[in-house]
Amino acid sequence: MAEYALQMTDIVKSYSGVTVLSNVNFSVRQGEIHALLGENGAGKTTLMNILGGVTPMDSGNIVLFGKEVRLHSPADSQAEGVAFIHQELNVVNDLMVYENMFLGYELRNRAGMLDVREMCRQTEEVFARMNVKINPRAMMSTLETSYKQIVEIAKSLLRNAKLIIMDEPTTSLTQKEIENVFSIMRGLTQEHGVTVIFISHKLTEVVDFCDSYTVLRNGEKVAEGSITQPDGTKISQADLARMMVGKDVLGVNVYKEHEIGEVILEVRDLEVDTRVKGVSFDLHRGEILGFTGLLGDGKEEVVRAIFGDLRKSSGTVRLKGKALNLKHPAQGKKQGIGFLPSNRKENAIIKDLSVQENITIVTLEKFCSGPTLLPSRERKAAEMYREKLGIKVANLKNKITSLSGGNQQKVVLSKWINANSDVMILSNPTQGVDVGAKNEIYSLIMELAQQGMGIIVTSGEPQEILRLCDRVIVMYHGEVRGELSREEISEENLMILSTGGLLH
Amino acid sequence: MQNKDNKDKAAGKPLRSSVAAINRARVSSFFSNYGVIVFTVLLIIVATIINGSTFFNWNNLFNILRSNATIGIIAFGMAFVIISGNIDLSVSSQLVAVSAVTLTFVDLVTPVLGPVLSSAAAVIVGIGMSCALSGLVGVLVTKGRVPSFIVTLGMQYIYRSLCREFMSGGGFTTSTDAYLKISNHSLFGVIPMPIIYFALMFLLYFYISKYTKLGRHIYAVGSNEKATRLSGINTDTIRIISFVLLGFAVGVASITESSRMGSINSTSSGVGYELNAIAMAVVGGIAMEGGKGRIVGVLFGILTLGIINNMLNLIGVSPQIVDAIRGVIIVLAVLLQRKEKDR
């Protein structure tokens, strides 16, 4: 039996009363590629942050390479041979490769000057160990994304990392690049005894490239094992998906019957540079159409192109039979499309304006008499939405930033409801919203559908799609991978399609 | 032991910090809303105590307003540009260029149209030209994606240099009486006209900032451009219009200044106006990062700096040291308003 590189036992972590990890045991054998799986919020990142010394644990034990360790800071963790490669690449594009490799650890020669030759030599040495050819003096910006990733890995090897954590390293890579990175990782584990923990949502990669897996769900470990099963076959993606999702997560029923009318939005062969490839679909009045898929697989680009925030490269979009050629969101709004963007803080909240002003910003002309804005009219509308949507705010003149996430989301929702659009696009409508407010927002969306609005919901949360949508389109690598009717939607099916699998 | 500490920290921290935040927010919102007004009132009291009736008499008060009217008018426009997230360093040279064109125009067309009509036409030409120049800056900033600091730095050199070339380093004067009258008479024989223009510009810009769709959009763009764009608002247009509003103010200021003096000098006129106008806006609570501040605040920012100048003059402080004191006031004012950022 192979020796363990890492044994984490009885790890407990809670944030202000909410348990994020409860008695998690996590073991990784030396020299393997170990997949850590789970839905968003399952606790993967917290667990890895504990290992990386970023987050302190409440209780538990960590044994690294046979030695019990206490990790109080990222530096402690690094000193024990752990390297954490984050999802966002941590490279400086305007520096050369070797400069990136030694950033913060620059070598100096006896004269106190930078020892460029030695740094290049060591860089080449690491690349040789990894079997890759990159010029140490190449500009970082000239490298492909996968090579940047490889430089990050090389950087951790340079610091003598024996255990490398990779957090969703492949979301920005193409299929070929992914294979490239994995073959290098494989070489490192086999020839140099390096151990890799791999966090990913892409089950195809997990099955193809990993040795074993651990599944977390709601802060608990629910399964672990080898990818290759005793009978010699590999575990199926569907099994993994089922373990990740569990059966017991369906909450309150928010879906209400509503009438679905004629086609209101018609999209044909939509292309957005290389990110969206030939997407076609129809949206009906009163229909809630879901768009799902993994991050970067094109769902956001599709809806942004419909709204006019992105320029489409080709294809047609027809709203109520009229062809649209939008160049700016202002035109989308004018044509009767509403858009609630994802990443509220960045894209939806106007932080210096009050709650009331945020509610009215989309439709200010409705509150004007001639050129003059009438605050009394604004106030009346804002009061109406406060009551109708249950926005909890003491004074509508308070800044929007003083509200909780759920209430902020209701504010940005109401600004678009007031626009009375024909088609409403909701991007991750419950992102960063607590469970209670989530259900309120769902019933609001139901109500809009009952009024005959055509609604598109993009979401990475299978539960959301399941509870809300009449129909869902699953995107994979910029293409439509499949379409499911309400009866066919299941977390398992969504997971299979969005990880590149096919339903029989 | 250590674990327990951590838990306590987790539970206690949000509570304590939120109480502190509320207190801080109260203090800071008081200062950012009323600080400059309180400060101005205090200044008036102090100035009156020190100088007695030499300070507090209508003549002197009018004097303060009149001598700050030109820069003050520019400051109102500057406020919009800063709120929208930009800056304009070219206003001083633009004022010289617009004044030069206006003065030349008056003298040129007076033989044809007569003095009154040509003065009126000159006002329109001057303001129109100023709006167009600022609009151009706006287009370069938004469509050309050049930072406004750079564009207007360049414009400052261009206007000033062209003026010097055409005026051979000297100045233009006008002899058209009607034009001189624009600034050199008093309403009801009491209130000097520059103060009237200043007051009208304040009312207009206050109205735009608070009671129009455009004003709200300008705040929104400066606060979060992305979110504003995704609210279906054409943010480039809003930014260009902010510049045009400044251009309009510079146009009005040019007319006020050139008719008051009856001349403009390519080398010495307007020097430092852009920084003075920015200082007034900033002391008045306009935040350099955009999205924040009120036109009423700017009014009091103008008064604060104007009164300080006047006060120091009356006390007989050496003019060499006046700028240092002004510098201290500017930094102090922003320090007091800054607290809000910590949240």
# chains A, B, ... in the order shown; residues from 1 in each chain; ligands from 1
$ interface_residues --of "chain A" --to "chain B" --cutoff "6 Å" --atoms "only C-alpha atoms" --output "PyMOL selection string"
chain A and resi 16+58+329-330+333+347-348+350+352+362+372-373
$ write_last_selection --atoms "N, CA and C atoms" --output "PDB file, in the first residue's frame"
ATOM      1  N   SER A  16     -19.239  31.990  11.650  1.00  0.00           N
ATOM      2  CA  SER A  16     -20.313  32.588  12.453  1.00  0.00           C
ATOM      3  C   SER A  16     -21.526  31.661  12.559  1.00  0.00           C
ATOM      4  N   ASP A  58     -11.146  25.007  12.821  1.00  0.00           N
ATOM      5  CA  ASP A  58     -11.594  25.063  14.208  1.00  0.00           C
ATOM      6  C   ASP A  58     -10.982  23.905  14.988  1.00  0.00           C
ATOM      7  N   PRO A 329     -26.253  48.074 -24.986  1.00  0.00           N
ATOM      8  CA  PRO A 329     -27.367  47.714 -24.101  1.00  0.00           C
ATOM      9  C   PRO A 329     -28.517  48.714 -24.159  1.00  0.00           C
ATOM     10  N   ALA A 330     -28.207  49.986 -24.433  1.00  0.00           N
ATOM     11  CA  ALA A 330     -29.267  50.989 -24.494  1.00  0.00           C
ATOM     12  C   ALA A 330     -30.286  50.610 -25.566  1.00  0.00           C
ATOM     13  N   LYS A 333     -32.479  47.664 -24.311  1.00  0.00           N
ATOM     14  CA  LYS A 333     -33.522  48.157 -23.416  1.00  0.00           C
ATOM     15  C   LYS A 333     -34.665  48.774 -24.208  1.00  0.00           C
ATOM     16  N   ASN A 347     -21.580  44.548 -11.614  1.00  0.00           N
ATOM     17  CA  ASN A 347     -22.367  44.836 -12.815  1.00  0.00           C
ATOM     18  C   ASN A 347     -23.737  45.455 -12.581  1.00  0.00           C
ATOM     19  N   ALA A 348     -24.227  45.422 -11.352  1.00  0.00           N
ATOM     20  CA  ALA A 348     -25.615  45.833 -11.184  1.00  0.00           C
ATOM     21  C   ALA A 348     -25.828  46.935 -10.153  1.00  0.00           C
ATOM     22  N   ILE A 350     -25.203  50.374  -8.291  1.00  0.00           N
ATOM     23  CA  ILE A 350     -24.537  51.667  -8.430  1.00  0.00           C
ATOM     24  C   ILE A 350     -24.337  52.186  -7.026  1.00  0.00           C
ATOM     25  N   ASP A 352     -22.941  54.508  -5.193  1.00  0.00           N
ATOM     26  CA  ASP A 352     -23.112  55.819  -4.583  1.00  0.00           C
ATOM     27  C   ASP A 352     -24.554  56.313  -4.640  1.00  0.00           C
ATOM     28  N   VAL A 362     -33.154  52.692 -14.359  1.00  0.00           N
ATOM     29  CA  VAL A 362     -33.371  52.175 -15.707  1.00  0.00           C
ATOM     30  C   VAL A 362     -34.463  52.951 -16.448  1.00  0.00           C
ATOM     31  N   THR A 372     -37.946  67.760 -16.027  1.00  0.00           N
ATOM     32  CA  THR A 372     -37.723  67.766 -14.576  1.00  0.00           C
ATOM     33  C   THR A 372     -38.065  66.432 -13.930  1.00  0.00           C
ATOM     34  N   LEU A 373     -37.122  65.939 -13.178  1.00  0.00           N
ATOM     35  CA  LEU A 373     -37.295  64.697 -12.449  1.00  0.00           C
ATOM     36  C   LEU A 373     -38.096  64.987 -11.181  1.00  0.00           C
TER      37      LEU A 373
END
$ residues_around --residues "Val433 (chain A)" --least-positions-apart "3" --cutoff "9 Å" --atoms "only C-alpha atoms" --output "PyMOL selection string"
chain A and resi 404-407+409+429-430+436-438
$ residues_around --residues "Val46 (chain B)" --least-positions-apart "3" --cutoff "12 Å" --atoms "only C-alpha atoms" --output "compact mmCIF listing (two decimals) with C-alpha atoms, in the first residue's frame"
# COMPACT_ATOMS: atom_id res chain seq x y z
CA PHE B 39 -16.79 75.35 7.72
CA THR B 40 -17.87 78.29 5.58
CA VAL B 41 -20.10 79.66 8.34
CA LEU B 42 -17.28 79.29 10.84
CA LEU B 43 -14.95 81.10 8.47
CA ILE B 49 -14.35 88.70 14.53
CA ILE B 50 -10.86 89.39 13.24
CA ASN B 51 -11.63 92.07 10.72
CA GLY B 52 -14.94 93.43 11.91
CA PHE B 55 -14.80 92.02 6.19
CA PHE B 56 -18.52 92.02 6.82
CA ILE B 307 -13.26 83.97 1.93
CA ILE B 308 -9.92 82.58 3.03
CA MET B 311 -9.46 87.24 4.91
CA LEU B 312 -5.74 86.72 4.56
CA ILE B 315 -5.21 90.67 7.77
$ residues_around --residues "Ala277 (chain B)" --least-positions-apart "5" --cutoff "12 Å" --atoms "only C-alpha atoms" --output "PyMOL selection string"
chain B and resi 68-82+87-92+246+249-250+253+270-272+282-284+286+298-299+301-303+305-306+330
$ write_last_selection --atoms "C-alpha atoms" --output "mmCIF file, in the first residue's frame"
data_model
loop_
_atom_site.group_PDB
_atom_site.id
_atom_site.type_symbol
_atom_site.label_atom_id
_atom_site.label_comp_id
_atom_site.auth_asym_id
_atom_site.auth_seq_id
_atom_site.Cartn_x
_atom_site.Cartn_y
_atom_site.Cartn_z
ATOM 1 C CA ASN B 68 -14.345 84.339 -7.740
ATOM 2 C CA ALA B 69 -17.235 84.369 -10.203
ATOM 3 C CA THR B 70 -15.222 83.282 -13.238
ATOM 4 C CA ILE B 71 -13.413 80.378 -11.617
ATOM 5 C CA GLY B 72 -16.535 79.542 -9.643
ATOM 6 C CA ILE B 73 -18.572 79.167 -12.823
ATOM 7 C CA ILE B 74 -15.894 76.840 -14.180
ATOM 8 C CA ALA B 75 -15.901 74.901 -10.891
ATOM 9 C CA PHE B 76 -19.608 74.042 -11.320
ATOM 10 C CA GLY B 77 -18.849 72.570 -14.739
ATOM 11 C CA MET B 78 -15.717 70.885 -13.456
ATOM 12 C CA ALA B 79 -17.836 69.204 -10.797
ATOM 13 C CA PHE B 80 -19.863 67.367 -13.456
ATOM 14 C CA VAL B 81 -16.760 66.170 -15.254
ATOM 15 C CA ILE B 82 -15.231 64.906 -12.018
ATOM 16 C CA ILE B 87 -10.873 65.490 -15.153
ATOM 17 C CA ASP B 88 -10.185 68.538 -17.309
ATOM 18 C CA LEU B 89 -6.882 70.383 -17.126
ATOM 19 C CA SER B 90 -7.389 72.459 -20.256
ATOM 20 C CA VAL B 91 -10.039 74.917 -19.019
ATOM 21 C CA SER B 92 -7.634 77.773 -18.360
ATOM 22 C CA LEU B 246 -18.107 72.085 -18.551
ATOM 23 C CA ALA B 249 -19.460 76.879 -18.133
ATOM 24 C CA VAL B 250 -16.058 77.766 -19.580
ATOM 25 C CA ALA B 253 -16.733 82.248 -17.778
ATOM 26 C CA GLY B 270 -6.371 82.269 -16.786
ATOM 27 C CA VAL B 271 -3.158 80.800 -15.440
ATOM 28 C CA GLY B 272 -3.940 78.270 -12.719
ATOM 29 C CA VAL B 282 -12.885 69.036 -4.156
ATOM 30 C CA VAL B 283 -13.167 71.247 -1.074
ATOM 31 C CA GLY B 284 -16.887 71.271 -1.791
ATOM 32 C CA ILE B 286 -16.700 66.281 -5.044
ATOM 33 C CA VAL B 298 -19.227 73.184 -4.657
ATOM 34 C CA LEU B 299 -20.883 76.546 -3.994
ATOM 35 C CA GLY B 301 -16.203 75.184 -1.633
ATOM 36 C CA ILE B 302 -15.964 78.293 -3.788
ATOM 37 C CA LEU B 303 -17.004 80.501 -0.871
ATOM 38 C CA LEU B 305 -11.565 79.400 -0.733
ATOM 39 C CA GLY B 306 -12.763 82.878 -1.678
ATOM 40 C CA ILE B 330 -7.588 71.821 0.544
#
$ residues_around --residues "Ile158 (chain B)" --least-positions-apart "3" --cutoff "12 Å" --atoms "only C-alpha atoms" --output "MDAnalysis selection string"
chainID B and resid 89:94 96:97 133 151:155 161:165
$ write_last_selection --atoms "N, CA and C atoms" --output "compact mmCIF listing (two decimals), in the first residue's frame"
# COMPACT_ATOMS: atom_id res chain seq x y z
N LEU B 89 -7.97 69.47 -17.47
CA LEU B 89 -6.88 70.38 -17.13
C LEU B 89 -6.76 71.52 -18.13
N SER B 90 -7.60 71.51 -19.16
CA SER B 90 -7.39 72.46 -20.26
C SER B 90 -8.24 73.72 -20.12
N VAL B 91 -9.07 73.83 -19.07
CA VAL B 91 -10.04 74.92 -19.02
C VAL B 91 -9.40 76.30 -19.04
N SER B 92 -8.24 76.44 -18.41
CA SER B 92 -7.63 77.77 -18.36
C SER B 92 -7.24 78.25 -19.76
N SER B 93 -6.60 77.38 -20.52
CA SER B 93 -6.20 77.77 -21.87
C SER B 93 -7.40 77.88 -22.79
N GLN B 94 -8.40 77.04 -22.51
CA GLN B 94 -9.62 77.10 -23.31
C GLN B 94 -10.29 78.45 -23.12
N VAL B 96 -8.82 81.24 -22.48
CA VAL B 96 -8.07 82.25 -23.23
C VAL B 96 -8.43 82.16 -24.71
N ALA B 97 -8.47 80.92 -25.22
CA ALA B 97 -8.77 80.74 -26.65
C ALA B 97 -10.16 81.26 -26.98
N LEU B 133 -15.44 72.54 -28.32
CA LEU B 133 -14.10 72.10 -27.93
C LEU B 133 -14.18 71.03 -26.83
N VAL B 151 -5.60 63.73 -22.44
CA VAL B 151 -6.20 64.53 -23.51
C VAL B 151 -6.19 66.00 -23.14
N THR B 152 -6.62 66.31 -21.92
CA THR B 152 -6.76 67.72 -21.56
C THR B 152 -5.42 68.36 -21.24
N LEU B 153 -4.45 67.54 -20.82
CA LEU B 153 -3.09 68.07 -20.65
C LEU B 153 -2.57 68.53 -22.01
N GLY B 154 -2.80 67.69 -23.03
CA GLY B 154 -2.40 68.05 -24.39
C GLY B 154 -3.13 69.29 -24.87
N MET B 155 -4.45 69.32 -24.62
CA MET B 155 -5.25 70.46 -25.07
C MET B 155 -4.77 71.76 -24.43
N SER B 161 -0.54 77.54 -26.67
CA SER B 161 0.51 77.78 -27.65
C SER B 161 -0.04 78.48 -28.90
N LEU B 162 -1.22 78.01 -29.36
CA LEU B 162 -1.81 78.64 -30.54
C LEU B 162 -2.15 80.10 -30.24
N CYS B 163 -2.68 80.36 -29.06
CA CYS B 163 -3.04 81.73 -28.69
C CYS B 163 -1.81 82.61 -28.69
N ARG B 164 -0.73 82.10 -28.11
CA ARG B 164 0.50 82.89 -28.06
C ARG B 164 1.00 83.21 -29.46
N GLU B 165 0.91 82.20 -30.31
CA GLU B 165 1.38 82.38 -31.68
C GLU B 165 0.57 83.48 -32.38
$ atom_distance --atom1 "CA of Ser485 (chain A)" --atom2 "CA of Asp470 (chain A)"
6.4 Å
$ closest_residue --among "A:Lys44, A:Lys351, A:Lys133, A:Asn420" --to "Ser200 (chain A)" --atoms "only C-alpha atoms"
A:Lys44
$ atom_distance --atom1 "CA of Ser427 (chain A)" --atom2 "CA of Gly290 (chain A)"
9.9 Å
$ residues_around --residues "Val116 (chain A)" --least-positions-apart "4" --cutoff "12 Å" --atoms "only C-alpha atoms" --output "list in words"
Met96, Val97, Tyr98, Glu99, Met101, Phe102, Glu106, Leu107, Arg108, Asn109, Gly112, Cys120, Arg121, Gln122, Thr123, Pro136 and Arg137 of chain A
$ atom_distance --atom1 "CA of Leu468 (chain A)" --atom2 "CA of Asn358 (chain A)"
26.3 Å
